[in-house]
file start.txt (compact mmCIF, C-alpha atoms)
# COMPACT_ATOMS: atom_id res chain seq x y z
CA MET A 13 9.14 -10.11 26.20
CA HIS A 14 12.10 -8.90 24.25
CA THR A 15 12.35 -5.14 24.02
CA SER A 16 15.00 -2.98 22.50
CA PRO A 17 15.56 0.74 22.93
CA ALA A 18 13.69 2.86 20.41
CA PRO A 19 15.98 3.97 17.61
CA SER A 20 16.84 7.65 17.58
CA PRO A 21 14.73 9.61 15.09
CA THR A 22 17.64 10.29 12.76
CA SER A 23 19.15 6.81 12.75
CA GLY A 24 19.47 5.35 9.30
CA LEU A 25 18.64 8.60 7.58
CA SER A 26 18.89 7.89 3.89
CA THR A 27 18.69 10.42 1.10
CA ALA A 28 16.49 10.11 -1.94
CA ALA A 29 15.53 12.20 -4.94
CA LEU A 30 12.05 13.62 -4.50
CA PRO A 31 9.70 12.68 -7.35
CA ILE A 32 7.76 15.70 -8.55
CA ASP A 33 4.94 16.62 -10.88
CA LEU A 34 5.06 19.96 -12.64
CA TYR A 35 1.98 21.64 -14.08
CA GLU A 36 1.36 24.88 -15.87
CA GLN A 37 -1.67 27.08 -15.42
CA GLU A 38 -2.37 30.33 -17.22
CA ALA A 39 -0.83 32.45 -14.47
CA ALA A 40 1.30 30.03 -12.49
CA LEU A 41 3.46 26.93 -12.39
CA LEU A 42 2.46 24.26 -9.89
CA LEU A 43 4.84 21.77 -8.36
CA VAL A 44 3.33 18.75 -6.59
CA ALA A 45 5.23 16.21 -4.49
CA SER A 46 4.30 13.47 -2.04
CA LEU A 47 5.82 13.99 1.40
CA PRO A 48 4.03 11.58 3.74
CA GLY A 49 4.89 12.10 7.39
CA VAL A 50 6.80 15.33 6.84
CA SER A 51 5.97 18.24 9.12
CA ARG A 52 6.23 21.87 8.09
CA GLU A 53 9.33 22.45 10.23
CA ASP A 54 11.20 19.75 8.36
CA LEU A 55 10.54 21.19 4.95
CA GLU A 56 12.61 23.82 3.17
CA ILE A 57 11.86 25.43 -0.18
CA GLN A 58 14.31 27.86 -1.76
CA LEU A 59 14.47 29.79 -4.97
CA GLU A 60 17.89 30.93 -6.02
CA GLY A 61 17.95 32.58 -9.40
CA GLU A 62 16.05 30.17 -11.58
CA HIS A 63 16.82 27.14 -9.42
CA LEU A 64 14.09 25.91 -7.12
CA SER A 65 15.21 23.47 -4.46
CA ILE A 66 13.17 21.45 -2.03
CA SER A 67 14.48 19.44 0.88
CA ALA A 68 12.42 17.57 3.42
CA THR A 69 13.18 15.22 6.27
CA ARG A 70 10.85 12.48 7.39
CA HIS A 71 11.73 10.88 10.70
CA GLU A 72 10.92 7.26 11.27
CA PRO A 73 7.20 7.23 12.03
CA ALA A 74 7.55 5.07 15.14
CA PRO A 75 4.78 5.21 17.76
CA THR A 76 7.25 6.50 20.33
CA ALA A 77 7.34 10.17 19.44
CA GLY A 78 6.80 12.24 22.56
CA GLU A 79 5.51 9.28 24.54
CA ASP A 80 7.01 7.05 27.12
CA VAL A 81 6.44 3.96 25.02
CA VAL A 82 8.95 1.40 23.89
CA ALA A 83 8.09 0.20 20.41
CA THR A 84 9.81 -2.85 19.01
CA PRO A 85 9.96 -2.76 15.22
CA ILE A 86 8.51 -5.92 13.72
CA PHE A 87 9.05 -4.98 10.12
CA ARG A 88 10.15 -1.77 8.53
CA GLU A 89 9.57 -0.73 4.95
CA LEU A 90 9.57 3.02 5.45
CA ASP A 91 12.45 4.63 7.20
CA ALA A 92 13.85 7.98 8.10
CA VAL A 93 14.57 9.72 4.83
CA ARG A 94 15.80 13.05 3.51
CA TRP A 95 14.25 13.95 0.17
CA THR A 96 15.94 16.59 -1.95
CA ARG A 97 15.30 17.97 -5.38
CA THR A 98 16.52 20.93 -7.37
CA LEU A 99 15.06 21.97 -10.68
CA ARG A 100 15.64 24.76 -13.11
CA LEU A 101 12.61 26.85 -13.96
CA ARG A 102 12.54 27.80 -17.60
CA THR A 103 9.66 30.17 -16.96
CA PRO A 104 10.47 33.31 -14.94
CA VAL A 105 8.43 33.45 -11.72
CA GLN A 106 7.63 36.08 -9.10
CA ALA A 107 9.94 35.01 -6.29
CA ASP A 108 8.14 37.02 -3.60
CA ALA A 109 4.71 35.60 -4.49
CA ILE A 110 5.50 31.88 -4.22
CA THR A 111 3.20 29.98 -1.87
CA ALA A 112 3.24 26.40 -0.62
CA THR A 113 0.74 24.14 1.09
CA LEU A 114 1.31 20.79 2.78
CA GLU A 115 -1.89 18.82 3.06
CA ALA A 116 -2.48 15.10 3.62
CA GLY A 117 1.20 14.50 2.96
CA VAL A 118 1.13 16.27 -0.41
CA LEU A 119 3.14 19.42 -1.06
CA THR A 120 1.86 21.92 -3.62
CA VAL A 121 4.07 24.87 -4.51
CA THR A 122 2.42 27.65 -6.51
CA LEU A 123 4.86 29.76 -8.51
CA PRO A 124 3.12 32.76 -10.10
CA LYS A 125 4.62 33.55 -13.47
CA ALA A 126 6.44 36.80 -13.94
CA GLU A 127 4.48 39.36 -15.96
CA GLN A 128 6.57 38.87 -19.09
CA ALA A 129 5.98 35.10 -19.04
CA ARG A 130 2.18 35.27 -19.16
CA ALA A 131 0.38 34.74 -22.39
CA ARG A 132 -1.44 37.85 -23.44
CA THR A 133 -4.46 38.38 -25.51
CA ILE A 134 -4.28 41.65 -27.35
CA PRO A 135 -7.70 43.15 -27.85
CA VAL A 136 -8.38 44.35 -31.39
CA THR A 137 -10.13 47.67 -31.40
CA MET B 14 12.28 2.14 -3.64
CA HIS B 15 13.76 -0.80 -1.74
CA ARG B 16 12.19 -2.95 0.88
CA PRO B 17 14.91 -3.82 3.35
CA LEU B 18 13.10 -6.71 4.99
CA SER B 19 10.22 -8.70 3.68
CA PRO B 20 7.41 -9.14 6.19
CA SER B 21 7.39 -12.88 5.62
CA LEU B 22 11.04 -13.04 6.60
CA LEU B 23 10.30 -11.24 9.81
CA ARG B 24 7.42 -13.46 10.40
CA ARG B 25 9.84 -16.32 10.71
CA ARG B 26 11.93 -14.28 13.07
CA ASP B 27 9.00 -13.27 15.20
CA PRO B 28 6.36 -15.99 15.30
CA PHE B 29 4.10 -13.92 17.55
CA PHE B 30 3.30 -11.29 15.02
CA GLY B 31 3.24 -11.80 11.34
CA ALA B 32 2.17 -9.60 8.50
CA PHE B 33 2.11 -10.51 4.88
CA ASP B 34 1.20 -8.98 1.63
CA GLN B 35 -1.72 -10.36 -0.16
CA LEU B 36 -3.23 -9.01 -3.29
CA PHE B 37 -6.75 -10.26 -3.27
CA ALA B 38 -8.04 -11.83 -6.43
CA GLN B 39 -10.96 -9.41 -6.38
CA ALA B 40 -8.76 -6.35 -6.09
CA ALA B 41 -6.52 -7.64 -8.84
CA ALA B 42 -9.49 -8.11 -11.15
CA GLN B 43 -10.71 -4.63 -10.30
CA ALA B 44 -7.27 -3.21 -10.94
CA GLN B 45 -7.11 -4.88 -14.32
CA ALA B 46 -10.52 -3.53 -15.31
CA GLN B 47 -9.46 -0.10 -14.11
CA ALA B 48 -6.17 -0.26 -15.99
CA GLN B 49 -8.05 -1.10 -19.16
CA ALA B 50 -10.47 1.76 -18.62
CA GLN B 51 -7.57 4.11 -17.96
CA ALA B 52 -5.70 2.95 -21.04
CA GLN B 53 -8.71 3.98 -23.08
CA ASP B 54 -8.90 7.36 -21.39
CA PRO B 55 -7.28 9.82 -23.81
CA ARG B 56 -6.79 12.38 -21.05
CA ARG B 57 -4.39 10.09 -19.30
CA ASP B 58 -0.77 10.88 -19.72
CA PRO B 59 0.88 7.87 -21.39
CA ARG B 60 4.09 8.47 -19.47
CA ARG B 61 2.30 7.56 -16.27
CA GLU B 62 1.54 4.09 -17.52
CA LEU B 63 5.22 3.33 -17.81
CA ARG B 64 5.99 3.89 -14.21
CA PRO B 65 6.21 0.99 -11.79
CA ALA B 66 3.35 0.86 -9.32
CA GLY B 67 5.19 0.77 -6.03
CA GLY B 68 2.58 -0.05 -3.40
CA PRO B 69 2.33 1.87 -0.14
CA ARG B 70 4.95 0.95 2.41
CA VAL B 71 4.18 -0.15 5.96
CA ASN B 72 6.01 -0.25 9.28
CA GLY B 73 4.93 -2.59 12.06
CA TYR B 74 5.68 -2.14 15.74
CA ARG B 75 4.83 -3.86 18.98
CA THR B 76 4.48 -2.08 22.29
CA ASP B 77 3.36 -3.47 25.62
CA GLU B 78 -0.16 -2.20 24.95
CA ALA B 79 -0.68 -2.62 21.23
CA TYR B 80 0.45 -3.56 17.77
CA VAL B 81 0.93 -0.46 15.64
CA LEU B 82 1.01 -0.28 11.86
CA VAL B 83 2.04 2.88 10.02
CA VAL B 84 1.14 3.10 6.33
CA GLU B 85 2.43 5.72 3.89
CA LEU B 86 -0.64 7.12 2.06
CA PRO B 87 0.01 10.59 0.62
CA GLY B 88 -3.08 12.23 -0.83
CA PHE B 89 -5.51 9.76 0.73
CA SER B 90 -8.64 10.86 2.51
CA THR B 91 -10.57 8.70 4.97
CA GLU B 92 -13.19 7.95 2.30
CA ASP B 93 -10.51 6.35 0.12
CA LEU B 94 -9.82 3.64 2.69
CA GLU B 95 -11.56 0.49 3.83
CA LEU B 96 -10.61 -1.52 6.87
CA LYS B 97 -12.11 -4.94 7.50
CA ILE B 98 -11.63 -7.79 9.89
CA GLU B 99 -11.87 -11.15 8.18
CA ASP B 100 -10.86 -14.60 9.39
CA GLY B 101 -8.86 -13.12 12.23
CA THR B 102 -6.88 -10.86 9.91
CA LEU B 103 -7.00 -7.16 9.22
CA LEU B 104 -7.66 -6.18 5.61
CA LEU B 105 -6.69 -2.71 4.50
CA SER B 106 -7.67 -1.65 1.03
CA GLY B 107 -8.15 1.57 -0.82
CA GLN B 108 -7.35 3.67 -3.79
CA ALA B 109 -6.61 7.34 -4.32
CA ARG B 110 -6.42 8.99 -7.68
CA LEU B 111 -4.01 11.88 -7.62
CA ALA B 112 -6.06 14.43 -9.51
CA PRO B 113 -4.19 17.11 -11.44
CA PRO B 114 -4.80 20.74 -10.43
CA ASP B 115 -7.66 22.60 -12.12
CA GLN B 116 -7.09 23.89 -15.63
CA ALA B 117 -3.49 22.80 -15.61
CA ARG B 118 -1.32 21.35 -18.31
CA ALA B 119 1.13 18.66 -17.24
CA LEU B 120 4.71 19.62 -18.04
CA HIS B 121 6.52 16.84 -16.25
CA LEU B 122 5.15 13.88 -14.29
CA GLU B 123 7.03 11.56 -11.98
CA ARG B 124 4.48 10.60 -9.34
CA PRO B 125 2.10 7.69 -9.89
CA GLY B 126 -1.28 8.75 -11.25
CA SER B 127 -3.04 6.71 -8.60
CA ILE B 128 -2.10 4.65 -5.58
CA ARG B 129 -3.75 1.32 -4.95
CA LEU B 130 -3.54 -0.57 -1.73
CA ALA B 131 -4.61 -4.07 -0.72
CA ARG B 132 -2.85 -5.65 2.21
CA ARG B 133 -3.69 -8.23 4.78
CA PHE B 134 -2.13 -8.38 8.22
CA SER B 135 -2.18 -11.28 10.60
CA PHE B 136 -1.56 -10.91 14.30
CA ALA B 137 -0.76 -12.96 17.35
CA GLU B 138 -3.64 -14.24 19.44
CA ASP B 139 -3.48 -11.42 21.95
CA ALA B 140 -4.52 -8.85 19.31
CA ASP B 141 -7.94 -7.36 20.00
CA LEU B 142 -8.90 -6.74 16.36
CA PRO B 143 -12.43 -5.34 16.95
CA ALA B 144 -10.86 -2.64 19.15
CA THR B 145 -8.58 -1.43 16.33
CA THR B 146 -8.39 2.33 15.88
CA ALA B 147 -7.26 4.11 12.72
CA ARG B 148 -5.99 7.66 12.31
CA LEU B 149 -5.00 9.39 9.10
CA LYS B 150 -2.71 12.38 9.45
CA ASP B 151 -0.15 14.06 7.16
CA GLY B 152 -0.36 11.23 4.65
CA LEU B 153 0.32 8.54 7.24
CA LEU B 154 -2.28 6.06 8.44
CA THR B 155 -1.69 4.71 11.93
CA LEU B 156 -3.54 1.54 12.91
CA THR B 157 -3.48 0.63 16.57
CA VAL B 158 -4.55 -2.87 17.57
CA PRO B 159 -4.74 -3.17 21.37
CA ARG B 160 -3.27 -6.25 23.00
CA THR B 161 -5.36 -8.10 25.55
CA ARG B 162 -3.71 -9.02 28.78
CA PRO B 163 -3.72 -12.73 29.49
CA ALA B 164 -6.16 -13.53 32.29
CA VAL B 165 -4.38 -14.41 35.50
CA HIS B 166 -5.87 -17.17 37.60
CA THR B 167 -4.72 -17.58 41.14
CA ILE B 168 -5.10 -21.13 42.32
CA PRO B 169 -5.43 -21.53 46.03
CA VAL B 170 -3.18 -24.11 47.55
CA GLN B 171 -4.97 -26.25 50.06
CA ALA B 172 -3.30 -27.85 52.95
CA GLY B 173 -3.76 -31.50 53.70
call {"tool": "encode", "arguments": {"input": "start.txt", "output": "structure tokens"}}
result
Amino acid sequence: MHTSPAPSPTSGLSTAALPIDLYEQEAALLLVASLPGVSREDLEIQLEGEHLSISATRHEPAPTAGEDVVATPIFRELDAVRWTRTLRLRTPVQADAITATLEAGVLTVTLPKAEQARARTIPVT
Amino acid sequence: MHRPLSPSLLRRRDPFFGAFDQLFAQAAAQAQAQAQAQAQDPRRDPRRELRPAGGPRVNGYRTDEAYVLVVELPGFSTEDLELKIEDGTLLLSGQARLAPPDQARALHLERPGSIRLARRFSFAEDADLPATTARLKDGLLTLTVPRTRPAVHTIPVQAG
């Protein structure tokens, strides 16, 4: 049987713009992005001023990782990729209260709005 | 979103293991009915309808022990997927609707509103399809189809 050495995890690393969804709740902005196969260590989220940037690396999901198995690729539609995206937030957010979850390959970043950006209801007395 | 090599092309290159896309007539009919229902849904963001529906991408590998398929399925749960063996092929189908967060107003949408999947994979004769295992983790589905070892017969050589 023909076998070839497993490609190194970073071979053919291409870069791509990360598609995102942005939502607004009463007290927060929510950013949602699909990052299938990305582990926490390969994900970086930064807020610099009003610019939020996300970069994530997905290694080729070959069945060789950490195992002594030679896998011959038969066909390959998904490859090693580095997703990046920077966006400007028009709404001021609390930088120290930003949280992020990565679940089932979906990233959700919660950006609590700064006090002055929240809508207020003024009670009439 | 480019597909560097079409599975059918590789199938020619590697006659022992072939995989090909097939949208089943049933799934297509369902999709059409769903699209119509969604078009009538006023809550749906019209911008989403304009986006191309890039289907989930798949990698196929062969090891000494198994055939391995890796499918990109962000946001899918195990209940969203169906795996069937039919006519010596493996059918993988499913759909996940990417629900917006609670009480949220969409400001900007680039991801598809839902992901639909219907693919059929054919294998070489040494694939033990009933022994297939499937694991969903971090938005990647890994299907492992064990390969059976060919039976070895030793034929005694008689003298005379």
call {"tool": "residues_around", "arguments": {"input": "start.txt", "residues": "A:Asp54", "least_positions_apart": "3", "cutoff": "12 Å", "atoms": "all atoms listed in the file", "output": "count of residues only"}}
result
17
call {"tool": "atom_distance", "arguments": {"input": "start.txt", "atom1": "atom CA of A:Lys125", "atom2": "atom CA of A:Ala28"}}
result
28.7 Å
call {"tool": "residues_near_point", "arguments": {"input": "start.txt", "point": "(-2.4, 9.4, -5.2)", "cutoff": "6 Å", "atoms": "only C-alpha atoms", "output": "list in words"}}
result
Gly88, Ala109, Arg110, Leu111, Ser127 and Ile128 of chain B
call {"tool": "write_last_selection", "arguments": {"input": "start.txt", "atoms": "C-alpha atoms", "output": "PDB file, keeping the file's coordinate frame"}}
result
ATOM      1  CA  GLY B  88      -3.080  12.230  -0.830  1.00  0.00           C
ATOM      2  CA  ALA B 109      -6.610   7.340  -4.320  1.00  0.00           C
ATOM      3  CA  ARG B 110      -6.420   8.990  -7.680  1.00  0.00           C
ATOM      4  CA  LEU B 111      -4.010  11.880  -7.620  1.00  0.00           C
ATOM      5  CA  SER B 127      -3.040   6.710  -8.600  1.00  0.00           C
ATOM      6  CA  ILE B 128      -2.100   4.650  -5.580  1.00  0.00           C
TER       7      ILE B 128
END
call {"tool": "atom_distance", "arguments": {"input": "start.txt", "atom1": "atom CA of A:Glu115", "atom2": "atom CA of B:Leu153"}}
result
11.3 Å
call {"tool": "interface_residues", "arguments": {"input": "start.txt", "of": "chain B", "to": "chain A", "cutoff": "7 Å", "atoms": "all atoms listed in the file", "output": "JSON, numbers by chain"}}
result
{"B": [16, 17, 18, 20, 23, 70, 71, 72, 73, 74, 75, 76, 85, 86, 87, 88, 89, 116, 117, 118, 119, 120, 121, 122, 123, 124, 150, 151, 152, 153]}
call {"tool": "atom_distance", "arguments": {"input": "start.txt", "atom1": "atom CA of B:Thr146", "atom2": "atom CA of A:Leu25"}}
result
29.0 Å
call {"tool": "residues_around", "arguments": {"input": "start.txt", "residues": "stretch 157-173 of chain B", "least_positions_apart": "4", "cutoff": "9 Å", "atoms": "only C-alpha atoms", "output": "PDB file with C-alpha atoms, keeping the file's coordinate frame"}}
result
ATOM      1  CA  THR B  76       4.480  -2.080  22.290  1.00  0.00           C
ATOM      2  CA  ASP B  77       3.360  -3.470  25.620  1.00  0.00           C
ATOM      3  CA  GLU B  78      -0.160  -2.200  24.950  1.00  0.00           C
ATOM      4  CA  ALA B  79      -0.680  -2.620  21.230  1.00  0.00           C
ATOM      5  CA  TYR B  80       0.450  -3.560  17.770  1.00  0.00           C
ATOM      6  CA  VAL B  81       0.930  -0.460  15.640  1.00  0.00           C
ATOM      7  CA  LEU B  82       1.010  -0.280  11.860  1.00  0.00           C
ATOM      8  CA  VAL B  83       2.040   2.880  10.020  1.00  0.00           C
ATOM      9  CA  GLU B 138      -3.640 -14.240  19.440  1.00  0.00           C
ATOM     10  CA  ASP B 139      -3.480 -11.420  21.950  1.00  0.00           C
ATOM     11  CA  ALA B 140      -4.520  -8.850  19.310  1.00  0.00           C
ATOM     12  CA  ASP B 141      -7.940  -7.360  20.000  1.00  0.00           C
ATOM     13  CA  LEU B 142      -8.900  -6.740  16.360  1.00  0.00           C
ATOM     14  CA  PRO B 143     -12.430  -5.340  16.950  1.00  0.00           C
ATOM     15  CA  ALA B 144     -10.860  -2.640  19.150  1.00  0.00           C
ATOM     16  CA  THR B 145      -8.580  -1.430  16.330  1.00  0.00           C
ATOM     17  CA  THR B 146      -8.390   2.330  15.880  1.00  0.00           C
ATOM     18  CA  ALA B 147      -7.260   4.110  12.720  1.00  0.00           C
ATOM     19  CA  ARG B 148      -5.990   7.660  12.310  1.00  0.00           C
TER      20      ARG B 148
END
